[in-house]
file my_file-v6.pdb (PDB, C-alpha atoms, pLDDT in the B column)
ATOM      1  CA  MET A   1     100.775 105.822  88.220  1.00 55.00           C
ATOM      2  CA  ASN A   2      98.883 105.041  84.998  1.00 57.00           C
ATOM      3  CA  ASN A   3      97.507 107.482  82.417  1.00 65.00           C
ATOM      4  CA  ILE A   4      94.033 107.606  83.979  1.00 72.00           C
ATOM      5  CA  SER A   5      95.477 108.532  87.375  1.00 70.00           C
ATOM      6  CA  LYS A   6      97.715 111.207  85.845  1.00 77.00           C
ATOM      7  CA  THR A   7      94.744 112.677  83.956  1.00 83.00           C
ATOM      8  CA  MET A   8      92.588 112.771  87.093  1.00 83.00           C
ATOM      9  CA  TRP A   9      95.339 114.433  89.151  1.00 83.00           C
ATOM     10  CA  GLY A  10      95.782 116.915  86.305  1.00 87.00           C
ATOM     11  CA  ILE A  11      92.059 117.768  86.348  1.00 89.00           C
ATOM     12  CA  VAL A  12      92.139 118.251  90.131  1.00 88.00           C
ATOM     13  CA  LEU A  13      95.131 120.614  89.965  1.00 89.00           C
ATOM     14  CA  ILE A  14      93.638 122.577  87.054  1.00 92.00           C
ATOM     15  CA  ALA A  15      90.327 122.969  88.925  1.00 90.00           C
ATOM     16  CA  ILE A  16      92.078 124.201  92.078  1.00 90.00           C
ATOM     17  CA  GLY A  17      94.205 126.614  90.034  1.00 93.00           C
ATOM     18  CA  ILE A  18      91.159 128.032  88.217  1.00 94.00           C
ATOM     19  CA  ILE A  19      89.232 128.502  91.479  1.00 91.00           C
ATOM     20  CA  ILE A  20      92.164 130.268  93.168  1.00 91.00           C
ATOM     21  CA  GLY A  21      92.668 132.454  90.094  1.00 93.00           C
ATOM     22  CA  LEU A  22      88.993 133.462  89.826  1.00 92.00           C
ATOM     23  CA  ASN A  23      88.870 134.187  93.565  1.00 90.00           C
ATOM     24  CA  SER A  24      91.994 136.358  93.262  1.00 92.00           C
ATOM     25  CA  LEU A  25      90.339 138.372  90.456  1.00 91.00           C
ATOM     26  CA  GLU A  26      87.193 138.659  92.614  1.00 88.00           C
ATOM     27  CA  ILE A  27      85.162 137.060  89.840  1.00 92.00           C
ATOM     28  CA  THR A  28      84.047 134.283  92.188  1.00 90.00           C
ATOM     29  CA  ASP A  29      83.998 133.815  95.945  1.00 89.00           C
ATOM     30  CA  ILE A  30      84.373 130.056  96.328  1.00 89.00           C
ATOM     31  CA  ASN A  31      85.546 129.035  99.779  1.00 86.00           C
ATOM     32  CA  ILE A  32      87.993 126.161  99.277  1.00 85.00           C
ATOM     33  CA  PHE A  33      88.599 126.031 103.026  1.00 86.00           C
ATOM     34  CA  PHE A  34      85.067 124.937 103.872  1.00 88.00           C
ATOM     35  CA  GLU A  35      84.228 122.967 106.996  1.00 89.00           C
ATOM     36  CA  GLY A  36      85.969 119.601 106.677  1.00 90.00           C
ATOM     37  CA  TRP A  37      88.120 120.607 103.679  1.00 91.00           C
ATOM     38  CA  TRP A  38      91.055 118.644 105.123  1.00 91.00           C
ATOM     39  CA  THR A  39      89.231 115.358 104.451  1.00 92.00           C
ATOM     40  CA  LEU A  40      89.864 115.921 100.737  1.00 90.00           C
ATOM     41  CA  PHE A  41      93.493 114.948 101.397  1.00 89.00           C
ATOM     42  CA  ILE A  42      92.088 111.491 102.194  1.00 89.00           C
ATOM     43  CA  ILE A  43      89.207 111.329  99.715  1.00 90.00           C
ATOM     44  CA  ILE A  44      90.922 112.499  96.522  1.00 89.00           C
ATOM     45  CA  PRO A  45      94.096 110.312  96.669  1.00 85.00           C
ATOM     46  CA  CYS A  46      92.066 107.236  97.673  1.00 84.00           C
ATOM     47  CA  PHE A  47      89.524 107.822  94.892  1.00 87.00           C
ATOM     48  CA  ILE A  48      92.224 108.252  92.259  1.00 82.00           C
ATOM     49  CA  GLY A  49      94.067 105.246  93.721  1.00 78.00           C
ATOM     50  CA  LEU A  50      91.125 103.045  92.691  1.00 79.00           C
ATOM     51  CA  PHE A  51      92.151 103.624  89.062  1.00 77.00           C
ATOM     52  CA  ASN A  52      95.802 102.696  89.535  1.00 66.00           C
ATOM     53  CA  GLU A  53      97.246  99.624  87.814  1.00 53.00           C
ATOM     54  CA  LYS A  54      97.105  97.583  90.976  1.00 50.00           C
ATOM     55  CA  GLU A  55      95.407  94.336  91.702  1.00 48.00           C
ATOM     56  CA  GLY A  56      94.619  95.237  95.277  1.00 53.00           C
ATOM     57  CA  LYS A  57      92.372  98.277  95.819  1.00 69.00           C
ATOM     58  CA  LEU A  58      90.890  97.435  99.213  1.00 71.00           C
ATOM     59  CA  GLY A  59      93.022  99.969 101.118  1.00 74.00           C
ATOM     60  CA  ASN A  60      91.991 102.797  98.783  1.00 78.00           C
ATOM     61  CA  LEU A  61      88.313 101.847  99.050  1.00 83.00           C
ATOM     62  CA  ILE A  62      88.477 101.742 102.852  1.00 84.00           C
ATOM     63  CA  GLY A  63      90.307 105.084 102.916  1.00 85.00           C
ATOM     64  CA  LEU A  64      87.742 106.647 100.550  1.00 88.00           C
ATOM     65  CA  LEU A  65      84.757 105.563 102.659  1.00 89.00           C
ATOM     66  CA  ILE A  66      86.451 106.678 105.890  1.00 90.00           C
ATOM     67  CA  GLY A  67      87.271 110.043 104.296  1.00 90.00           C
ATOM     68  CA  ILE A  68      83.642 110.519 103.220  1.00 92.00           C
ATOM     69  CA  ALA A  69      82.450 109.584 106.714  1.00 92.00           C
ATOM     70  CA  LEU A  70      84.836 112.128 108.277  1.00 92.00           C
ATOM     71  CA  LEU A  71      83.626 114.783 105.827  1.00 93.00           C
ATOM     72  CA  CYS A  72      80.018 114.077 106.805  1.00 92.00           C
ATOM     73  CA  SER A  73      81.019 114.287 110.462  1.00 91.00           C
ATOM     74  CA  SER A  74      82.800 117.616 109.919  1.00 91.00           C
ATOM     75  CA  ARG A  75      79.684 118.957 108.220  1.00 89.00           C
ATOM     76  CA  GLY A  76      77.512 117.882 111.136  1.00 89.00           C
ATOM     77  CA  TYR A  77      75.710 115.080 109.300  1.00 89.00           C
ATOM     78  CA  LEU A  78      77.158 112.239 111.403  1.00 87.00           C
ATOM     79  CA  PRO A  79      78.324 112.212 115.062  1.00 90.00           C
ATOM     80  CA  PHE A  80      82.093 111.714 115.255  1.00 88.00           C
ATOM     81  CA  ASP A  81      81.907 109.369 118.242  1.00 88.00           C
ATOM     82  CA  ILE A  82      79.813 106.905 116.209  1.00 88.00           C
ATOM     83  CA  ILE A  83      82.324 106.982 113.352  1.00 87.00           C
ATOM     84  CA  ALA A  84      85.204 106.388 115.790  1.00 86.00           C
ATOM     85  CA  LYS A  85      83.438 103.343 117.229  1.00 88.00           C
ATOM     86  CA  LEU A  86      82.611 101.872 113.816  1.00 87.00           C
ATOM     87  CA  ILE A  87      85.923 102.370 111.957  1.00 86.00           C
ATOM     88  CA  LEU A  88      87.608  99.160 113.193  1.00 85.00           C
ATOM     89  CA  PRO A  89      84.528  96.904 112.718  1.00 88.00           C
ATOM     90  CA  PHE A  90      84.031  98.429 109.272  1.00 85.00           C
ATOM     91  CA  ILE A  91      87.615  97.689 108.227  1.00 81.00           C
ATOM     92  CA  LEU A  92      87.352  94.085 109.466  1.00 83.00           C
ATOM     93  CA  VAL A  93      84.066  93.539 107.603  1.00 85.00           C
ATOM     94  CA  MET A  94      85.497  94.975 104.373  1.00 79.00           C
ATOM     95  CA  ILE A  95      88.557  92.724 104.608  1.00 75.00           C
ATOM     96  CA  GLY A  96      86.371  89.697 105.279  1.00 79.00           C
ATOM     97  CA  LEU A  97      84.050  90.428 102.359  1.00 76.00           C
ATOM     98  CA  SER A  98      87.030  90.975 100.077  1.00 71.00           C
ATOM     99  CA  MET A  99      88.493  87.594 101.006  1.00 68.00           C
ATOM    100  CA  ILE A 100      85.162  85.791 100.510  1.00 71.00           C
ATOM    101  CA  PHE A 101      84.338  87.332  97.132  1.00 68.00           C
ATOM    102  CA  LYS A 102      87.887  87.023  95.809  1.00 63.00           C
ATOM    103  CA  ASN A 103      87.906  83.333  96.663  1.00 59.00           C
ATOM    104  CA  THR A 104      84.618  82.943  94.787  1.00 58.00           C
ATOM    105  CA  LEU A 105      85.549  84.979  91.723  1.00 50.00           C
ATOM    106  CA  GLN A 106      89.074  83.560  91.503  1.00 59.00           C
ATOM    107  CA  LYS A 107      88.218  79.978  92.384  1.00 59.00           C
ATOM    108  CA  ASN A 108      90.497  78.487  89.712  1.00 63.00           C
ATOM    109  CA  ILE A 109      93.547  80.400  90.940  1.00 65.00           C
ATOM    110  CA  SER A 110      92.734  79.523  94.565  1.00 63.00           C
ATOM    111  CA  GLU A 111      92.536  75.815  93.752  1.00 64.00           C
ATOM    112  CA  LYS A 112      95.867  75.825  91.936  1.00 66.00           C
ATOM    113  CA  ILE A 113      97.572  77.638  94.838  1.00 65.00           C
ATOM    114  CA  ASN A 114      96.035  75.446  97.547  1.00 66.00           C
ATOM    115  CA  ASN A 115      97.047  72.265  95.739  1.00 65.00           C
ATOM    116  CA  ALA A 116     100.682  73.356  95.483  1.00 63.00           C
ATOM    117  CA  LYS A 117     101.340  75.294  98.698  1.00 59.00           C
ATOM    118  CA  ASP A 118     102.808  72.329 100.629  1.00 62.00           C
ATOM    119  CA  GLY A 119     105.711  71.807  98.241  1.00 69.00           C
ATOM    120  CA  LEU A 120     106.881  75.386  97.800  1.00 82.00           C
ATOM    121  CA  GLU A 121     110.413  76.598  98.488  1.00 84.00           C
ATOM    122  CA  SER A 122     110.414  78.989 101.449  1.00 87.00           C
ATOM    123  CA  ILE A 123     112.204  82.337 101.077  1.00 90.00           C
ATOM    124  CA  VAL A 124     112.100  84.709 104.066  1.00 90.00           C
ATOM    125  CA  ALA A 125     113.475  88.223 104.564  1.00 90.00           C
ATOM    126  CA  THR A 126     113.056  89.785 108.020  1.00 91.00           C
ATOM    127  CA  PHE A 127     114.787  93.139 108.540  1.00 91.00           C
ATOM    128  CA  THR A 128     117.051  92.230 105.639  1.00 90.00           C
ATOM    129  CA  GLU A 129     117.100  92.000 101.842  1.00 91.00           C
ATOM    130  CA  GLN A 130     117.385  88.954  99.621  1.00 90.00           C
ATOM    131  CA  LYS A 131     118.086  88.916  95.892  1.00 91.00           C
ATOM    132  CA  ILE A 132     117.603  85.491  94.353  1.00 90.00           C
ATOM    133  CA  SER A 133     118.106  84.460  90.741  1.00 90.00           C
ATOM    134  CA  LYS A 134     116.934  81.138  89.338  1.00 89.00           C
ATOM    135  CA  ALA A 135     118.669  81.474  85.984  1.00 88.00           C
ATOM    136  CA  ASP A 136     119.078  78.108  84.237  1.00 85.00           C
ATOM    137  CA  GLU A 137     117.579  76.363  87.284  1.00 87.00           C
ATOM    138  CA  THR A 138     114.404  74.332  87.524  1.00 88.00           C
ATOM    139  CA  PHE A 139     111.907  76.415  89.471  1.00 88.00           C
ATOM    140  CA  GLU A 140     108.908  74.640  90.968  1.00 85.00           C
ATOM    141  CA  GLY A 141     107.385  77.496  92.980  1.00 88.00           C
ATOM    142  CA  ALA A 142     108.094  79.431  96.155  1.00 88.00           C
ATOM    143  CA  SER A 143     106.596  81.011  99.256  1.00 88.00           C
ATOM    144  CA  LEU A 144     107.969  84.521  99.788  1.00 91.00           C
ATOM    145  CA  ASP A 145     107.668  86.295 103.148  1.00 91.00           C
ATOM    146  CA  ALA A 146     109.055  89.822 103.561  1.00 92.00           C
ATOM    147  CA  VAL A 147     108.616  91.378 107.016  1.00 92.00           C
ATOM    148  CA  PHE A 148     110.302  94.782 107.338  1.00 92.00           C
ATOM    149  CA  GLY A 149     112.552  93.558 104.555  1.00 91.00           C
ATOM    150  CA  GLY A 150     112.765  93.015 100.819  1.00 93.00           C
ATOM    151  CA  ILE A 151     112.876  90.094  98.393  1.00 92.00           C
ATOM    152  CA  THR A 152     113.736  90.155  94.700  1.00 92.00           C
ATOM    153  CA  LEU A 153     113.031  86.874  92.920  1.00 93.00           C
ATOM    154  CA  ASP A 154     114.227  86.644  89.318  1.00 92.00           C
ATOM    155  CA  ILE A 155     112.782  83.663  87.420  1.00 90.00           C
ATOM    156  CA  SER A 156     112.971  85.298  84.005  1.00 89.00           C
ATOM    157  CA  GLU A 157     115.470  82.676  82.796  1.00 89.00           C
ATOM    158  CA  ALA A 158     114.374  79.773  84.970  1.00 89.00           C
ATOM    159  CA  LYS A 159     113.117  76.426  83.721  1.00 88.00           C
ATOM    160  CA  LEU A 160     109.414  76.326  84.500  1.00 88.00           C
ATOM    161  CA  LYS A 161     106.751  73.658  84.449  1.00 84.00           C
ATOM    162  CA  GLU A 162     103.438  74.210  82.681  1.00 85.00           C
ATOM    163  CA  GLU A 163     102.005  75.537  85.942  1.00 85.00           C
ATOM    164  CA  THR A 164     103.993  77.332  88.671  1.00 87.00           C
ATOM    165  CA  VAL A 165     102.712  78.721  91.969  1.00 88.00           C
ATOM    166  CA  ILE A 166     104.181  81.611  93.988  1.00 90.00           C
ATOM    167  CA  LYS A 167     102.842  82.902  97.304  1.00 88.00           C
ATOM    168  CA  ALA A 168     104.054  86.370  98.301  1.00 90.00           C
ATOM    169  CA  SER A 169     103.410  87.993 101.681  1.00 89.00           C
ATOM    170  CA  SER A 170     104.671  91.516 102.293  1.00 90.00           C
ATOM    171  CA  ILE A 171     104.255  93.101 105.738  1.00 89.00           C
ATOM    172  CA  PHE A 172     105.941  96.514 105.996  1.00 90.00           C
ATOM    173  CA  GLY A 173     108.227  95.270 103.246  1.00 90.00           C
ATOM    174  CA  GLY A 174     108.573  94.875  99.515  1.00 91.00           C
ATOM    175  CA  ILE A 175     108.688  91.984  97.071  1.00 92.00           C
ATOM    176  CA  THR A 176     109.689  92.072  93.401  1.00 92.00           C
ATOM    177  CA  ILE A 177     109.024  89.085  91.120  1.00 93.00           C
ATOM    178  CA  ILE A 178     110.612  89.132  87.670  1.00 92.00           C
ATOM    179  CA  THR A 179     108.850  86.689  85.343  1.00 91.00           C
ATOM    180  CA  PRO A 180     109.657  85.364  81.845  1.00 89.00           C
ATOM    181  CA  LYS A 181     108.130  87.175  78.885  1.00 85.00           C
ATOM    182  CA  ASP A 182     106.614  84.056  77.344  1.00 83.00           C
ATOM    183  CA  VAL A 183     104.281  83.026  80.193  1.00 87.00           C
ATOM    184  CA  GLU A 184     100.788  83.952  81.350  1.00 86.00           C
ATOM    185  CA  VAL A 185     100.590  85.449  84.849  1.00 87.00           C
ATOM    186  CA  LYS A 186      97.424  85.149  86.936  1.00 84.00           C
ATOM    187  CA  VAL A 187      97.231  87.053  90.215  1.00 83.00           C
ATOM    188  CA  LYS A 188      95.046  86.781  93.300  1.00 80.00           C
ATOM    189  CA  SER A 189      95.721  89.565  95.796  1.00 78.00           C
ATOM    190  CA  THR A 190      94.659  90.944  99.148  1.00 77.00           C
ATOM    191  CA  SER A 191      95.986  94.383 100.076  1.00 74.00           C
ATOM    192  CA  ILE A 192      95.458  96.341 103.281  1.00 74.00           C
ATOM    193  CA  PHE A 193      97.005  99.799 102.994  1.00 72.00           C
ATOM    194  CA  GLY A 194      99.426  98.256 100.520  1.00 73.00           C
ATOM    195  CA  GLY A 195      99.386  97.407  96.858  1.00 76.00           C
ATOM    196  CA  VAL A 196     100.255  95.052  94.039  1.00 80.00           C
ATOM    197  CA  SER A 197     101.583  96.245  90.688  1.00 80.00           C
ATOM    198  CA  ASN A 198     101.347  93.710  87.887  1.00 80.00           C
ATOM    199  CA  HIS A 199     103.434  94.848  84.925  1.00 79.00           C
ATOM    200  CA  ALA A 200     103.933  91.351  83.531  1.00 77.00           C
ATOM    201  CA  LYS A 201     102.801  90.910  79.953  1.00 65.00           C
ATOM    202  CA  HIS A 202      99.930  88.448  79.738  1.00 62.00           C
ATOM    203  CA  GLN A 203     100.731  85.897  77.054  1.00 60.00           C
ATOM    204  CA  LYS A 204      97.361  84.112  76.987  1.00 62.00           C
ATOM    205  CA  SER A 205      98.473  81.858  74.159  1.00 63.00           C
ATOM    206  CA  SER A 206     101.361  80.552  76.265  1.00 67.00           C
ATOM    207  CA  LYS A 207     101.296  76.967  77.507  1.00 77.00           C
ATOM    208  CA  LYS A 208     103.003  78.022  80.749  1.00 86.00           C
ATOM    209  CA  ILE A 209     101.097  79.774  83.542  1.00 87.00           C
ATOM    210  CA  ILE A 210     102.361  81.360  86.769  1.00 88.00           C
ATOM    211  CA  TYR A 211      99.793  81.647  89.561  1.00 88.00           C
ATOM    212  CA  ILE A 212     100.688  84.317  92.128  1.00 88.00           C
ATOM    213  CA  GLU A 213      98.851  84.869  95.398  1.00 86.00           C
ATOM    214  CA  THR A 214      99.806  88.026  97.277  1.00 85.00           C
ATOM    215  CA  PHE A 215      99.063  89.545 100.662  1.00 84.00           C
ATOM    216  CA  SER A 216     100.215  93.089 101.434  1.00 84.00           C
ATOM    217  CA  LEU A 217      99.938  94.886 104.772  1.00 82.00           C
ATOM    218  CA  PHE A 218     101.577  98.310 104.588  1.00 83.00           C
ATOM    219  CA  GLY A 219     103.795  96.734 101.943  1.00 85.00           C
ATOM    220  CA  GLY A 220     103.957  96.130  98.229  1.00 86.00           C
ATOM    221  CA  VAL A 221     104.449  93.441  95.606  1.00 89.00           C
ATOM    222  CA  ASP A 222     105.771  94.335  92.151  1.00 89.00           C
ATOM    223  CA  ILE A 223     105.384  91.791  89.356  1.00 89.00           C
ATOM    224  CA  LYS A 224     107.429  92.427  86.217  1.00 87.00           C
TER     225      LYS A 224
END
call {"tool": "encode", "arguments": {"input": "my_file-v6.pdb", "output": "structure tokens"}}
result
Amino acid sequence: MNNISKTMWGIVLIAIGIIIGLNSLEITDINIFFEGWWTLFIIIPCFIGLFNEKEGKLGNLIGLLIGIALLCSSRGYLPFDIIAKLILPFILVMIGLSMIFKNTLQKNISEKINNAKDGLESIVATFTEQKISKADETFEGASLDAVFGGITLDISEAKLKEETVIKASSIFGGITIITPKDVEVKVKSTSIFGGVSNHAKHQKSSKKIIYIETFSLFGGVDIK
């Protein structure tokens, strides 16, 4: 959670505390349990999640729009049966648009990844955990797949080329990639109810670049 998210959560808690306090003193009579109040447990976390230090925000955006739709339905502005019928098509359209626009906006990263994907080392973790260190080894890229499992790839002391490609897919699992401090890291991500945290320091003056493409489905990728 970054500073913006902490500040926003702080404001929310302060506002709720003030309202409860004023209601208790009978200064105000604000009903915090209005019709559809429960949708705020979807709307507020998803809205604040858009400001997290994550590359992928699609899941939070989808959750926010669904929460708003449910609130409108609870208030009688939209029929619930229509919302129920449109949720799945809406999610599919949002995912499709995200993929199209990300490919357009991150064309350079996409080209680098597509050109190198055939020669990548395959590392798979299914219902298990793998911890791999490439210290003092020549690392030419990898394809990481974690399905109900975890992968930790440490290339902080590996011998890298000028350009290195990593593909990371996390489905109900987790992937951690530890990168050197003297490289530039460029990330292209797609997240569906998952997330990517990029804590790697961007050394834009570095001659070495790591291109990372991630896909997260109810999973996460942590780049350090």
call {"tool": "atom_distance", "arguments": {"input": "my_file-v6.pdb", "atom1": "CA of Val221 in chain A", "atom2": "CA of Ala135 in chain A"}}
result
20.9 Å
call {"tool": "resolve_selection", "arguments": {"input": "my_file-v6.pdb", "expression": "the PyMOL selection byres ((chain A and resi 127) around 9)", "output": "list in words"}}
result
Ala125, Thr126, Thr128, Glu129, Ala146, Val147, Phe148, Gly149, Gly150 and Gly173 of chain A
call {"tool": "write_last_selection", "arguments": {"input": "my_file-v6.pdb", "atoms": "C-alpha atoms", "output": "PDB file, in the coordinates of the input"}}
result
ATOM      1  CA  ALA A 125     113.475  88.223 104.564  1.00 90.00           C
ATOM      2  CA  THR A 126     113.056  89.785 108.020  1.00 91.00           C
ATOM      3  CA  THR A 128     117.051  92.230 105.639  1.00 90.00           C
ATOM      4  CA  GLU A 129     117.100  92.000 101.842  1.00 91.00           C
ATOM      5  CA  ALA A 146     109.055  89.822 103.561  1.00 92.00           C
ATOM      6  CA  VAL A 147     108.616  91.378 107.016  1.00 92.00           C
ATOM      7  CA  PHE A 148     110.302  94.782 107.338  1.00 92.00           C
ATOM      8  CA  GLY A 149     112.552  93.558 104.555  1.00 91.00           C
ATOM      9  CA  GLY A 150     112.765  93.015 100.819  1.00 93.00           C
ATOM     10  CA  GLY A 173     108.227  95.270 103.246  1.00 90.00           C
TER      11      GLY A 173
END
call {"tool": "atom_distance", "arguments": {"input": "my_file-v6.pdb", "atom1": "CA of Phe193 in chain A", "atom2": "CA of Leu64 in chain A"}}
result
11.8 Å
call {"tool": "residues_around", "arguments": {"input": "my_file-v6.pdb", "residues": "Ser133 in chain A", "least_positions_apart": "5", "cutoff": "8 Å", "atoms": "only C-alpha atoms", "output": "ChimeraX atom specification"}}
result
/A:153-155
call {"tool": "closest_residue", "arguments": {"input": "my_file-v6.pdb", "among": "A:Ser143, A:Ser98, A:Ser191, A:Thr152", "to": "Thr179 in chain A", "atoms": "all atoms listed in the file"}}
result
A:Thr152
call {"tool": "resolve_selection", "arguments": {"input": "my_file-v6.pdb", "expression": "the PyMOL selection byres ((chain A and resi 31-40) around 8)", "output": "ChimeraX atom specification"}}
result
/A:29-30,41-44,67-68,70-71,74-75
call {"tool": "resolve_selection", "arguments": {"input": "my_file-v6.pdb", "expression": "the PyMOL selection byres ((chain A and resi 192) around 9)", "output": "PyMOL selection string"}}
result
chain A and resi 56-60+62+95+190-191+193-195+215-219
call {"tool": "write_last_selection", "arguments": {"input": "my_file-v6.pdb", "atoms": "C-alpha atoms", "output": "tab-separated table (two decimals), keeping the file's coordinate frame"}}
result
chain	number	residue	atom	x	y	z
A	56	GLY	CA	94.62	95.24	95.28
A	57	LYS	CA	92.37	98.28	95.82
A	58	LEU	CA	90.89	97.44	99.21
A	59	GLY	CA	93.02	99.97	101.12
A	60	ASN	CA	91.99	102.80	98.78
A	62	ILE	CA	88.48	101.74	102.85
A	95	ILE	CA	88.56	92.72	104.61
A	190	THR	CA	94.66	90.94	99.15
A	191	SER	CA	95.99	94.38	100.08
A	193	PHE	CA	97.00	99.80	102.99
A	194	GLY	CA	99.43	98.26	100.52
A	195	GLY	CA	99.39	97.41	96.86
A	215	PHE	CA	99.06	89.54	100.66
A	216	SER	CA	100.22	93.09	101.43
A	217	LEU	CA	99.94	94.89	104.77
A	218	PHE	CA	101.58	98.31	104.59
A	219	GLY	CA	103.80	96.73	101.94
call {"tool": "closest_residue", "arguments": {"input": "my_file-v6.pdb", "among": "A:Ile66, A:Ser156, A:Leu144, A:Leu97", "to": "Phe80 in chain A", "atoms": "only C-alpha atoms"}}
result
A:Ile66
call {"tool": "closest_residue", "arguments": {"input": "my_file-v6.pdb", "among": "A:Ile11, A:Ile223, A:Ile20, A:Ile210", "to": "Glu140 in chain A", "atoms": "only C-alpha atoms"}}
result
A:Ile210
call {"tool": "residues_near_point", "arguments": {"input": "my_file-v6.pdb", "point": "(109.1, 89.3, 79.2)", "cutoff": "12 Å", "atoms": "all atoms listed in the file", "output": "ChimeraX atom specification"}}
result
/A:154-157,177-185,199-203,223-224
call {"tool": "write_last_selection", "arguments": {"input": "my_file-v6.pdb", "atoms": "C-alpha atoms", "output": "PDB file, in the frame of the given file"}}
result
ATOM      1  CA  ASP A 154     114.227  86.644  89.318  1.00 92.00           C
ATOM      2  CA  ILE A 155     112.782  83.663  87.420  1.00 90.00           C
ATOM      3  CA  SER A 156     112.971  85.298  84.005  1.00 89.00           C
ATOM      4  CA  GLU A 157     115.470  82.676  82.796  1.00 89.00           C
ATOM      5  CA  ILE A 177     109.024  89.085  91.120  1.00 93.00           C
ATOM      6  CA  ILE A 178     110.612  89.132  87.670  1.00 92.00           C
ATOM      7  CA  THR A 179     108.850  86.689  85.343  1.00 91.00           C
ATOM      8  CA  PRO A 180     109.657  85.364  81.845  1.00 89.00           C
ATOM      9  CA  LYS A 181     108.130  87.175  78.885  1.00 85.00           C
ATOM     10  CA  ASP A 182     106.614  84.056  77.344  1.00 83.00           C
ATOM     11  CA  VAL A 183     104.281  83.026  80.193  1.00 87.00           C
ATOM     12  CA  GLU A 184     100.788  83.952  81.350  1.00 86.00           C
ATOM     13  CA  VAL A 185     100.590  85.449  84.849  1.00 87.00           C
ATOM     14  CA  HIS A 199     103.434  94.848  84.925  1.00 79.00           C
ATOM     15  CA  ALA A 200     103.933  91.351  83.531  1.00 77.00           C
ATOM     16  CA  LYS A 201     102.801  90.910  79.953  1.00 65.00           C
ATOM     17  CA  HIS A 202      99.930  88.448  79.738  1.00 62.00           C
ATOM     18  CA  GLN A 203     100.731  85.897  77.054  1.00 60.00           C
ATOM     19  CA  ILE A 223     105.384  91.791  89.356  1.00 89.00           C
ATOM     20  CA  LYS A 224     107.429  92.427  86.217  1.00 87.00           C
TER      21      LYS A 224
END
call {"tool": "residues_around", "arguments": {"input": "my_file-v6.pdb", "residues": "Phe90 in chain A", "least_positions_apart": "6", "cutoff": "12 Å", "atoms": "all atoms listed in the file", "output": "list of chain:residue names"}}
result
A:Leu61, A:Ile62, A:Gly63, A:Leu65, A:Ile66, A:Ala69, A:Ile82, A:Ile83, A:Ala84, A:Gly96, A:Leu97
call {"tool": "closest_residue", "arguments": {"input": "my_file-v6.pdb", "among": "A:Lys188, A:Thr7, A:Gly220, A:Phe139", "to": "Ile151 in chain A", "atoms": "only C-alpha atoms"}}
result
A:Gly220
call {"tool": "atom_distance", "arguments": {"input": "my_file-v6.pdb", "atom1": "CA of Gly49 in chain A", "atom2": "CA of Pro89 in chain A"}}
result
22.8 Å
call {"tool": "axis_aligned_box", "arguments": {"input": "my_file-v6.pdb", "around": "range 174-189 of chain A", "padding_each_side": "3 Å", "output": "JSON"}}
result
{"center_x": 102.8, "center_y": 89.0, "center_z": 88.4, "size_x": 21.6, "size_y": 17.8, "size_z": 28.2}
